[in-house]
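Asker: What follows is a structure written as structure tokens; I'll ask about it next.
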Amino acid sequence: MSELVRVDVGQAELTCLVDGPADGPLVLCLHGFPDCARSFRAQVEPLVARGHRVVRPWMRGYAPSSLARDRRYDAESLAADLCALAKHFSSAKVRLVGHDWGALAGYAAVALAPHLFSHLATVAVPPMRFAGRFATPAQLKRSWYIAFFQVPGMAERKVAADGMAFIDKLWRDWSPGWQAPAAELAEVKAALSPYPHLEAALGYYRALGSLNAWFGASRALVTSPIAVPGLYVHGVDDGCIGVELTAGIESAYRAGVQVHRVPGAGHFVHQEKPAEFNELLLKFLE
């Protein structure tokens, strides 16, 4: 059974699920939206069996972690949280695994403090050195929700309505060939259902329009060349970010990358195809 550990990372208190030996090499697993710390539940047992310690935080703003004291949800702030977690849980270099916003946070953290991390495995969101690709008509159509989330109040009401049916729709659209377990969707909704926490989760998207995201440290961090070895995994049927956006991403990695496009999987590929994903991840980390 996972241990619950709460860590003050400076601008937030993050609640983490912790498994495995205290002296094992640390793997820090980071969820995205709309998701929660249980996102990497299928990876815990294989990682622990290989001797790793696995830490899965609820990202800042997601219950039961706290809201951000500084009300910031940009990539620079997320990177600072990951660096604080790495220092708290390990004196050695840490392996990062991130999905969706967890991937963006991973790119930023490795750029902010490459000396803290040895590996970076990301899922479903390619490096932002290729952000211009998101402006294609097909991708803009997929990303309609980002514009919708920019409307405070109305967006929160829509997402919260009818038992958060909006969340169910996103999971269906983004992973069209897979039925997410009802119990897991309930956990996701629990991380978002207190209104201030839902507002915080949408704040990640609102931060994309900030000066920091366009011209400041957040942009510099997520567009920097990736200085540690990488693994990148993308579902061919991803309905959130088209697989075509992964073409040529190898040039973003200074230390090399393994790129895998998984047929029959959508946005939540690590949950949809856990055996295939785990094999790729374990080989990469070891």
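Here's how to read the names in the structure tokens: chain A, B, ... by the order shown, residue numbers from 1 in each chain, ligand numbers from 1 in the order shown.
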Using only C-alpha atoms, determine which residues lie at most 10 Å from Val269 of chain A, disregarding the query and same-chain residues fewer than 4 positions distant; provide the list as JSON, numbers by chain.

Answerer: {"A": [99, 123, 124, 175, 178, 233, 234, 235, 236, 237, 238, 261, 262, 263, 264, 265, 273, 274, 276, 277]}

Asker: Restrict the selected residues to C-alpha atoms and save them as a compact mmCIF listing (two decimals), in the first residue's frame.

Answerer:
```
# COMPACT_ATOMS: atom_id res chain seq x y z
CA HIS A 99 2.31 12.78 -19.06
CA VAL A 123 4.10 10.95 -22.90
CA ALA A 124 1.63 12.65 -25.26
CA SER A 175 -8.54 8.09 -26.13
CA TRP A 178 -10.45 2.90 -24.74
CA VAL A 233 5.87 7.84 -26.26
CA HIS A 234 2.78 8.92 -28.22
CA GLY A 235 -0.44 7.08 -29.04
CA VAL A 236 -1.15 6.96 -32.77
CA ASP A 237 -4.86 7.57 -32.10
CA ASP A 238 -4.34 10.51 -29.71
CA ARG A 261 4.45 5.78 -31.59
CA VAL A 262 2.06 3.18 -30.20
CA PRO A 263 -0.71 1.90 -32.53
CA GLY A 264 -4.16 1.45 -31.04
CA ALA A 265 -3.52 3.91 -28.21
CA LYS A 273 -1.26 -0.09 -23.08
CA PRO A 274 0.50 -0.57 -19.72
CA GLU A 276 3.88 -2.17 -23.78
CA PHE A 277 4.59 1.14 -22.06
```

Asker: From a DSSP calculation on the backbone, collect every residue of segment 5-105 of chain A in alpha helix (DSSP H) and output the set as a PyMOL selection string.

Answerer: chain A and resi 41-49+75-89+101-105

Asker: Could the residues in this selection be written to a file with N, CA and C atoms, as a PDB file, in the first residue's frame?

Answerer:
```pdb
ATOM      1  N   ARG A  41      -0.452   4.360 -11.913  1.00  0.00           N
ATOM      2  CA  ARG A  41      -0.652   3.213 -11.017  1.00  0.00           C
ATOM      3  C   ARG A  41      -0.151   1.898 -11.629  1.00  0.00           C
ATOM      4  N   ALA A  42      -0.274   1.755 -12.960  1.00  0.00           N
ATOM      5  CA  ALA A  42       0.141   0.505 -13.605  1.00  0.00           C
ATOM      6  C   ALA A  42       1.648   0.386 -13.733  1.00  0.00           C
ATOM      7  N   GLN A  43       2.372   1.471 -13.465  1.00  0.00           N
ATOM      8  CA  GLN A  43       3.827   1.445 -13.573  1.00  0.00           C
ATOM      9  C   GLN A  43       4.498   1.177 -12.221  1.00  0.00           C
ATOM     10  N   VAL A  44       3.768   1.325 -11.136  1.00  0.00           N
ATOM     11  CA  VAL A  44       4.387   1.245  -9.803  1.00  0.00           C
ATOM     12  C   VAL A  44       4.976  -0.134  -9.542  1.00  0.00           C
ATOM     13  N   GLU A  45       4.181  -1.179  -9.690  1.00  0.00           N
ATOM     14  CA  GLU A  45       4.654  -2.524  -9.345  1.00  0.00           C
ATOM     15  C   GLU A  45       5.878  -2.933 -10.153  1.00  0.00           C
ATOM     16  N   PRO A  46       5.899  -2.756 -11.484  1.00  0.00           N
ATOM     17  CA  PRO A  46       7.112  -3.122 -12.232  1.00  0.00           C
ATOM     18  C   PRO A  46       8.343  -2.321 -11.827  1.00  0.00           C
ATOM     19  N   LEU A  47       8.163  -1.037 -11.526  1.00  0.00           N
ATOM     20  CA  LEU A  47       9.294  -0.209 -11.123  1.00  0.00           C
ATOM     21  C   LEU A  47       9.826  -0.624  -9.756  1.00  0.00           C
ATOM     22  N   VAL A  48       8.922  -0.848  -8.813  1.00  0.00           N
ATOM     23  CA  VAL A  48       9.339  -1.261  -7.470  1.00  0.00           C
ATOM     24  C   VAL A  48      10.020  -2.629  -7.525  1.00  0.00           C
ATOM     25  N   ALA A  49       9.508  -3.517  -8.392  1.00  0.00           N
ATOM     26  CA  ALA A  49      10.112  -4.847  -8.523  1.00  0.00           C
ATOM     27  C   ALA A  49      11.556  -4.765  -8.995  1.00  0.00           C
ATOM     28  N   ALA A  75       4.882  26.968 -16.377  1.00  0.00           N
ATOM     29  CA  ALA A  75       5.905  25.920 -16.456  1.00  0.00           C
ATOM     30  C   ALA A  75       7.082  26.192 -15.531  1.00  0.00           C
ATOM     31  N   GLU A  76       7.468  27.437 -15.361  1.00  0.00           N
ATOM     32  CA  GLU A  76       8.579  27.766 -14.468  1.00  0.00           C
ATOM     33  C   GLU A  76       8.267  27.339 -13.037  1.00  0.00           C
ATOM     34  N   SER A  77       7.042  27.595 -12.590  1.00  0.00           N
ATOM     35  CA  SER A  77       6.649  27.239 -11.229  1.00  0.00           C
ATOM     36  C   SER A  77       6.560  25.725 -11.059  1.00  0.00           C
ATOM     37  N   LEU A  78       6.016  25.032 -12.058  1.00  0.00           N
ATOM     38  CA  LEU A  78       5.935  23.571 -11.999  1.00  0.00           C
ATOM     39  C   LEU A  78       7.331  22.966 -11.940  1.00  0.00           C
ATOM     40  N   ALA A  79       8.264  23.527 -12.703  1.00  0.00           N
ATOM     41  CA  ALA A  79       9.644  23.029 -12.691  1.00  0.00           C
ATOM     42  C   ALA A  79      10.267  23.193 -11.310  1.00  0.00           C
ATOM     43  N   ALA A  80      10.017  24.315 -10.678  1.00  0.00           N
ATOM     44  CA  ALA A  80      10.555  24.542  -9.334  1.00  0.00           C
ATOM     45  C   ALA A  80      10.004  23.514  -8.348  1.00  0.00           C
ATOM     46  N   ASP A  81       8.728  23.165  -8.494  1.00  0.00           N
ATOM     47  CA  ASP A  81       8.137  22.132  -7.631  1.00  0.00           C
ATOM     48  C   ASP A  81       8.857  20.800  -7.802  1.00  0.00           C
ATOM     49  N   LEU A  82       9.129  20.420  -9.053  1.00  0.00           N
ATOM     50  CA  LEU A  82       9.783  19.129  -9.310  1.00  0.00           C
ATOM     51  C   LEU A  82      11.206  19.113  -8.769  1.00  0.00           C
ATOM     52  N   CYS A  83      11.895  20.216  -8.901  1.00  0.00           N
ATOM     53  CA  CYS A  83      13.260  20.283  -8.358  1.00  0.00           C
ATOM     54  C   CYS A  83      13.230  20.136  -6.836  1.00  0.00           C
ATOM     55  N   ALA A  84      12.242  20.762  -6.184  1.00  0.00           N
ATOM     56  CA  ALA A  84      12.127  20.645  -4.733  1.00  0.00           C
ATOM     57  C   ALA A  84      11.804  19.213  -4.315  1.00  0.00           C
ATOM     58  N   LEU A  85      10.947  18.537  -5.066  1.00  0.00           N
ATOM     59  CA  LEU A  85      10.634  17.138  -4.765  1.00  0.00           C
ATOM     60  C   LEU A  85      11.864  16.257  -4.952  1.00  0.00           C
ATOM     61  N   ALA A  86      12.603  16.498  -6.024  1.00  0.00           N
ATOM     62  CA  ALA A  86      13.810  15.705  -6.284  1.00  0.00           C
ATOM     63  C   ALA A  86      14.787  15.833  -5.119  1.00  0.00           C
ATOM     64  N   LYS A  87      14.995  17.039  -4.631  1.00  0.00           N
ATOM     65  CA  LYS A  87      15.924  17.258  -3.521  1.00  0.00           C
ATOM     66  C   LYS A  87      15.393  16.647  -2.224  1.00  0.00           C
ATOM     67  N   HIS A  88      14.079  16.692  -2.046  1.00  0.00           N
ATOM     68  CA  HIS A  88      13.496  16.169  -0.809  1.00  0.00           C
ATOM     69  C   HIS A  88      13.622  14.653  -0.718  1.00  0.00           C
ATOM     70  N   PHE A  89      13.393  13.956  -1.828  1.00  0.00           N
ATOM     71  CA  PHE A  89      13.310  12.500  -1.796  1.00  0.00           C
ATOM     72  C   PHE A  89      14.613  11.792  -2.145  1.00  0.00           C
ATOM     73  N   TRP A 101       0.580  17.660 -18.977  1.00  0.00           N
ATOM     74  CA  TRP A 101       1.232  18.760 -18.263  1.00  0.00           C
ATOM     75  C   TRP A 101       2.431  18.277 -17.466  1.00  0.00           C
ATOM     76  N   GLY A 102       2.412  17.025 -17.040  1.00  0.00           N
ATOM     77  CA  GLY A 102       3.584  16.462 -16.377  1.00  0.00           C
ATOM     78  C   GLY A 102       4.782  16.412 -17.299  1.00  0.00           C
ATOM     79  N   ALA A 103       4.526  16.211 -18.608  1.00  0.00           N
ATOM     80  CA  ALA A 103       5.615  16.240 -19.586  1.00  0.00           C
ATOM     81  C   ALA A 103       6.180  17.654 -19.717  1.00  0.00           C
ATOM     82  N   LEU A 104       5.296  18.646 -19.813  1.00  0.00           N
ATOM     83  CA  LEU A 104       5.762  20.039 -19.894  1.00  0.00           C
ATOM     84  C   LEU A 104       6.565  20.424 -18.660  1.00  0.00           C
ATOM     85  N   ALA A 105       6.082  20.016 -17.494  1.00  0.00           N
ATOM     86  CA  ALA A 105       6.820  20.292 -16.262  1.00  0.00           C
ATOM     87  C   ALA A 105       8.185  19.620 -16.291  1.00  0.00           C
TER      88      ALA A 105
END
```

Asker: Excluding Asp162 of chain A and any residue of its chain fewer than 6 positions from it, enumerate the residues within 12 Å of it, using only C-alpha atoms, and give them as number ranges by chain.

Answerer: A: 168-169, 189, 193

Asker: Keeping only C-alpha atoms, write those residues as a compact mmCIF listing (two decimals), in the first residue's frame.

Answerer:
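Final output, saved to selection-v8.txt:
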```txt
# COMPACT_ATOMS: atom_id res chain seq x y z
CA ASP A 168 -15.75 12.06 -19.31
CA LYS A 169 -16.06 13.62 -22.77
CA LYS A 189 -12.93 14.29 -10.49
CA SER A 193 -14.20 18.91 -7.65
```

Asker: Enter the distance from atom CA of Lys283 of chain A to atom CA of Glu184 of chain A, in Å, rounded to one decimal.

Answerer: 27.2 Å

Asker: Give the answer as one residue: which of A:Val159, A:Ala255, A:Ala121, A:Leu14 has the shortest atom-to-atom distance to Ile226 of chain A, using only C-alpha atoms?

Answerer: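 Nearest candidate to Ile226 of chain A out of A:Val159, A:Ala255, A:Ala121, A:Leu14: A:Ala255.
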
Asker: Which is closer to Gly20 of chain A than all the others in A:Leu285, A:Ala113, A:Val55, A:Ile241, using only C-alpha atoms?

Answerer: A:Val55

Asker: Quick one: distance from atom CA of Pro25 of chain A to atom CA of Phe117 of chain A in Å, one decimal?

Answerer: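 Answer for the atom CA of Pro25 of chain A to atom CA of Phe117 of chain A separation: 11.2 Å.
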
Asker: Between A:Ala227, A:Leu67, A:Leu281, A:Val125, which one has atoms that come closest to Cys240 of chain A, using only C-alpha atoms?

Answerer: A:Val125

Asker: List as a list in words the protein and nucleic acid residues near Ser143 of chain A, meaning an atom at most 12 Å away when only C-alpha atoms are counted, but skip any in the same chain fewer than 2 places from it.

Answerer: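 Once the nearby chain positions are removed, what remains is Phe134, Ala135, Thr136, Pro137, Ala138, Gln139, Leu140, Lys141, Tyr145, Ile146, Ala147, Phe148, Phe149, Leu170, Asp173, Trp174, Tyr205, Gly239, Cys240, Ile241 and Gly242 of chain A.
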
Asker: From segment 35-265 of chain A, collect each residue whose DSSP state is strand (DSSP E) and return the set as a ChimeraX atom specification.

Answerer: /A:53-57,94-99,117-123,230-235,257-262

Asker: Print the selection's residues with N, CA and C atoms to a file, as a CSV table (one decimal), in the first residue's frame.

Answerer:
```
chain,number,residue,atom,x,y,z
A,53,ARG,N,12.3,3.5,-6.2
A,53,ARG,CA,11.4,4.2,-5.3
A,53,ARG,C,10.5,5.1,-6.2
A,54,VAL,N,9.2,5.0,-6.1
A,54,VAL,CA,8.3,5.7,-7.0
A,54,VAL,C,7.5,6.7,-6.2
A,55,VAL,N,7.6,8.0,-6.7
A,55,VAL,CA,6.9,9.1,-6.0
A,55,VAL,C,5.9,9.7,-7.1
A,56,ARG,N,4.6,9.7,-6.7
A,56,ARG,CA,3.6,10.3,-7.6
A,56,ARG,C,2.9,11.4,-6.9
A,57,PRO,N,3.2,12.6,-7.2
A,57,PRO,CA,2.5,13.8,-6.5
A,57,PRO,C,1.2,14.1,-7.3
A,94,VAL,N,17.6,12.0,-10.3
A,94,VAL,CA,16.2,11.5,-10.3
A,94,VAL,C,15.8,11.2,-11.8
A,95,ARG,N,14.9,10.2,-11.9
A,95,ARG,CA,14.4,9.9,-13.2
A,95,ARG,C,13.0,10.5,-13.3
A,96,LEU,N,12.7,11.3,-14.3
A,96,LEU,CA,11.4,11.9,-14.4
A,96,LEU,C,10.5,11.2,-15.5
A,97,VAL,N,9.2,11.0,-15.1
A,97,VAL,CA,8.3,10.4,-16.1
A,97,VAL,C,7.1,11.3,-16.0
A,98,GLY,N,6.7,11.9,-17.2
A,98,GLY,CA,5.6,12.9,-17.2
A,98,GLY,C,4.6,12.7,-18.3
A,99,HIS,N,3.4,12.9,-18.0
A,99,HIS,CA,2.3,12.8,-19.1
A,99,HIS,C,1.6,14.1,-19.2
A,117,PHE,N,18.7,15.5,-12.6
A,117,PHE,CA,17.9,14.5,-13.3
A,117,PHE,C,18.8,13.7,-14.2
A,118,SER,N,18.5,12.4,-14.3
A,118,SER,CA,19.3,11.5,-15.1
A,118,SER,C,18.6,11.1,-16.4
A,119,HIS,N,17.3,11.0,-16.3
A,119,HIS,CA,16.4,10.5,-17.4
A,119,HIS,C,15.2,11.3,-17.5
A,120,LEU,N,14.6,11.5,-18.7
A,120,LEU,CA,13.3,12.1,-18.9
A,120,LEU,C,12.5,11.3,-19.9
A,121,ALA,N,11.4,10.7,-19.3
A,121,ALA,CA,10.4,10.0,-20.2
A,121,ALA,C,9.2,10.8,-20.2
A,122,THR,N,8.7,11.1,-21.4
A,122,THR,CA,7.5,12.0,-21.5
A,122,THR,C,6.5,11.3,-22.4
A,123,VAL,N,5.2,11.6,-22.2
A,123,VAL,CA,4.1,11.0,-22.9
A,123,VAL,C,3.1,12.0,-23.4
A,230,GLY,N,16.4,10.9,-23.3
A,230,GLY,CA,15.0,10.9,-23.3
A,230,GLY,C,14.3,9.7,-23.9
A,231,LEU,N,13.1,9.5,-23.4
A,231,LEU,CA,12.1,8.5,-24.0
A,231,LEU,C,10.9,9.3,-24.3
A,232,TYR,N,10.3,9.2,-25.5
A,232,TYR,CA,9.1,9.9,-25.9
A,232,TYR,C,8.1,8.8,-26.4
A,233,VAL,N,6.9,8.8,-25.9
A,233,VAL,CA,5.9,7.8,-26.3
A,233,VAL,C,4.6,8.6,-26.6
A,234,HIS,N,4.0,8.2,-27.8
A,234,HIS,CA,2.8,8.9,-28.2
A,234,HIS,C,1.8,7.9,-28.8
A,235,GLY,N,0.6,7.9,-28.4
A,235,GLY,CA,-0.4,7.1,-29.0
A,235,GLY,C,-0.8,7.5,-30.4
A,257,VAL,N,17.3,10.4,-27.8
A,257,VAL,CA,16.0,10.1,-27.4
A,257,VAL,C,15.5,8.8,-28.2
A,258,GLN,N,14.7,8.0,-27.5
A,258,GLN,CA,14.0,6.9,-28.1
A,258,GLN,C,12.5,7.4,-28.3
A,259,VAL,N,12.1,7.4,-29.6
A,259,VAL,CA,10.7,7.8,-29.9
A,259,VAL,C,9.9,6.6,-30.3
A,260,HIS,N,8.7,6.4,-29.6
A,260,HIS,CA,7.8,5.3,-29.9
A,260,HIS,C,6.4,5.8,-30.1
A,261,ARG,N,5.8,5.5,-31.3
A,261,ARG,CA,4.5,5.8,-31.6
A,261,ARG,C,3.7,4.5,-31.5
A,262,VAL,N,2.7,4.4,-30.6
A,262,VAL,CA,2.1,3.2,-30.2
A,262,VAL,C,0.7,3.1,-30.9
```

Asker: Quick one: residues within 12 Å of Thr15 of chain A, only C-alpha atoms, excluding same-chain residues fewer than 6 positions away - as a PDB file with N, CA and C atoms, in the first residue's frame?

Answerer:
```
ATOM      1  N   SER A   2       0.514   2.204  -0.834  1.00  0.00           N
ATOM      2  CA  SER A   2       1.315   3.424  -0.963  1.00  0.00           C
ATOM      3  C   SER A   2       1.295   4.232   0.327  1.00  0.00           C
ATOM      4  N   GLU A   3       2.425   4.862   0.625  1.00  0.00           N
ATOM      5  CA  GLU A   3       2.512   5.795   1.735  1.00  0.00           C
ATOM      6  C   GLU A   3       2.152   7.180   1.233  1.00  0.00           C
ATOM      7  N   LEU A   4       1.380   7.930   2.016  1.00  0.00           N
ATOM      8  CA  LEU A   4       1.054   9.315   1.682  1.00  0.00           C
ATOM      9  C   LEU A   4       2.033  10.239   2.385  1.00  0.00           C
ATOM     10  N   VAL A   5       2.725  11.060   1.607  1.00  0.00           N
ATOM     11  CA  VAL A   5       3.708  11.987   2.164  1.00  0.00           C
ATOM     12  C   VAL A   5       3.387  13.390   1.638  1.00  0.00           C
ATOM     13  N   ARG A   6       3.373  14.357   2.524  1.00  0.00           N
ATOM     14  CA  ARG A   6       3.095  15.741   2.134  1.00  0.00           C
ATOM     15  C   ARG A   6       4.390  16.545   2.232  1.00  0.00           C
ATOM     16  N   VAL A   7       4.724  17.233   1.151  1.00  0.00           N
ATOM     17  CA  VAL A   7       5.993  17.951   1.060  1.00  0.00           C
ATOM     18  C   VAL A   7       5.731  19.421   0.753  1.00  0.00           C
ATOM     19  N   ASP A   8       6.307  20.297   1.546  1.00  0.00           N
ATOM     20  CA  ASP A   8       6.244  21.731   1.262  1.00  0.00           C
ATOM     21  C   ASP A   8       7.355  22.062   0.279  1.00  0.00           C
ATOM     22  N   VAL A   9       6.964  22.472  -0.936  1.00  0.00           N
ATOM     23  CA  VAL A   9       7.964  22.748  -1.977  1.00  0.00           C
ATOM     24  C   VAL A   9       8.209  24.243  -2.143  1.00  0.00           C
ATOM     25  N   CYS A  36      -4.770  12.667 -12.225  1.00  0.00           N
ATOM     26  CA  CYS A  36      -4.362  12.793 -10.832  1.00  0.00           C
ATOM     27  C   CYS A  36      -3.165  11.880 -10.584  1.00  0.00           C
ATOM     28  N   ALA A  37      -2.735  11.791  -9.346  1.00  0.00           N
ATOM     29  CA  ALA A  37      -1.522  11.042  -9.014  1.00  0.00           C
ATOM     30  C   ALA A  37      -1.637   9.555  -9.317  1.00  0.00           C
ATOM     31  N   ARG A  38      -2.868   9.022  -9.447  1.00  0.00           N
ATOM     32  CA  ARG A  38      -3.045   7.606  -9.751  1.00  0.00           C
ATOM     33  C   ARG A  38      -2.780   7.287 -11.221  1.00  0.00           C
ATOM     34  N   VAL A  55       7.592   7.979  -6.679  1.00  0.00           N
ATOM     35  CA  VAL A  55       6.862   9.076  -6.045  1.00  0.00           C
ATOM     36  C   VAL A  55       5.908   9.670  -7.078  1.00  0.00           C
ATOM     37  N   ARG A  56       4.625   9.738  -6.693  1.00  0.00           N
ATOM     38  CA  ARG A  56       3.595  10.261  -7.590  1.00  0.00           C
ATOM     39  C   ARG A  56       2.864  11.413  -6.887  1.00  0.00           C
ATOM     40  N   PRO A  57       3.198  12.648  -7.194  1.00  0.00           N
ATOM     41  CA  PRO A  57       2.515  13.769  -6.546  1.00  0.00           C
ATOM     42  C   PRO A  57       1.225  14.148  -7.268  1.00  0.00           C
ATOM     43  N   TRP A  58       0.270  14.680  -6.500  1.00  0.00           N
ATOM     44  CA  TRP A  58      -0.766  15.492  -7.105  1.00  0.00           C
ATOM     45  C   TRP A  58      -0.118  16.848  -7.374  1.00  0.00           C
ATOM     46  N   MET A  59      -0.146  17.295  -8.605  1.00  0.00           N
ATOM     47  CA  MET A  59       0.508  18.554  -8.958  1.00  0.00           C
ATOM     48  C   MET A  59      -0.154  19.724  -8.220  1.00  0.00           C
ATOM     49  N   ARG A  60       0.570  20.840  -8.120  1.00  0.00           N
ATOM     50  CA  ARG A  60       0.041  22.002  -7.393  1.00  0.00           C
ATOM     51  C   ARG A  60      -1.351  22.354  -7.909  1.00  0.00           C
ATOM     52  N   GLY A  61      -2.239  22.622  -6.968  1.00  0.00           N
ATOM     53  CA  GLY A  61      -3.605  22.980  -7.318  1.00  0.00           C
ATOM     54  C   GLY A  61      -4.576  21.822  -7.333  1.00  0.00           C
ATOM     55  N   TYR A  62      -4.084  20.602  -7.504  1.00  0.00           N
ATOM     56  CA  TYR A  62      -4.952  19.427  -7.537  1.00  0.00           C
ATOM     57  C   TYR A  62      -5.108  18.879  -6.123  1.00  0.00           C
ATOM     58  N   ALA A  63      -6.357  18.725  -5.651  1.00  0.00           N
ATOM     59  CA  ALA A  63      -6.596  18.157  -4.318  1.00  0.00           C
ATOM     60  C   ALA A  63      -6.159  16.683  -4.299  1.00  0.00           C
ATOM     61  N   PRO A  64      -5.501  16.249  -3.212  1.00  0.00           N
ATOM     62  CA  PRO A  64      -5.347  16.907  -1.907  1.00  0.00           C
ATOM     63  C   PRO A  64      -4.094  17.771  -1.765  1.00  0.00           C
ATOM     64  N   SER A  65      -3.323  18.005  -2.836  1.00  0.00           N
ATOM     65  CA  SER A  65      -2.258  19.003  -2.741  1.00  0.00           C
ATOM     66  C   SER A  65      -2.889  20.380  -2.567  1.00  0.00           C
ATOM     67  N   SER A  66      -2.099  21.332  -2.141  1.00  0.00           N
ATOM     68  CA  SER A  66      -2.653  22.664  -1.880  1.00  0.00           C
ATOM     69  C   SER A  66      -2.700  23.497  -3.147  1.00  0.00           C
ATOM     70  N   LEU A  67      -3.448  24.563  -3.062  1.00  0.00           N
ATOM     71  CA  LEU A  67      -3.382  25.597  -4.091  1.00  0.00           C
ATOM     72  C   LEU A  67      -2.010  26.267  -4.024  1.00  0.00           C
ATOM     73  N   ASP A  81       8.728  23.165  -8.494  1.00  0.00           N
ATOM     74  CA  ASP A  81       8.137  22.132  -7.631  1.00  0.00           C
ATOM     75  C   ASP A  81       8.857  20.800  -7.802  1.00  0.00           C
ATOM     76  N   LEU A  85      10.947  18.537  -5.066  1.00  0.00           N
ATOM     77  CA  LEU A  85      10.634  17.138  -4.765  1.00  0.00           C
ATOM     78  C   LEU A  85      11.864  16.257  -4.952  1.00  0.00           C
ATOM     79  N   ALA A 191     -10.021  15.095  -7.491  1.00  0.00           N
ATOM     80  CA  ALA A 191      -8.891  16.026  -7.447  1.00  0.00           C
ATOM     81  C   ALA A 191      -9.264  17.402  -7.975  1.00  0.00           C
TER      82      ALA A 191
END
```

Asker: With distances taken over only C-alpha atoms, which of A:His197, A:Arg254, A:His115, A:His31 is nearest to Ser91 of chain A?

Answerer: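 Closest residue, counting only C-alpha atoms: A:His115.
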
Asker: May I ask for the distance between atom CA of Asp74 of chain A and atom CA of His270 of chain A, given in Å to one decimal place?

Answerer: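 Between atom CA of Asp74 of chain A and atom CA of His270 of chain A the gap works out to 24.4 Å.
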
Asker: Identify, on the basis of only C-alpha atoms, every residue whose closest approach to segment 216-224 of chain A does not exceed 6 Å; exclude the query and any residue fewer than 2 positions from it along the same chain; express the result as a PyMOL selection string.

Answerer: chain A and resi 75-76+107-108+111+128-129+212-214

Asker: Check the smallest atom-to-atom distance from each of A:Ala200, A:Gly106, A:Pro176, A:Trp171 to Pro152 of chain A using only C-alpha atoms, then report the winner.

Answerer: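 The answer is A:Ala200, which sits nearest to Pro152 of chain A.
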
Asker: Restricting the calculation to only C-alpha atoms: of A:Asp100, A:Ser90, A:Gly266, A:Asp35, which residue gets closest to Ala186 of chain A?

Answerer: A:Asp35
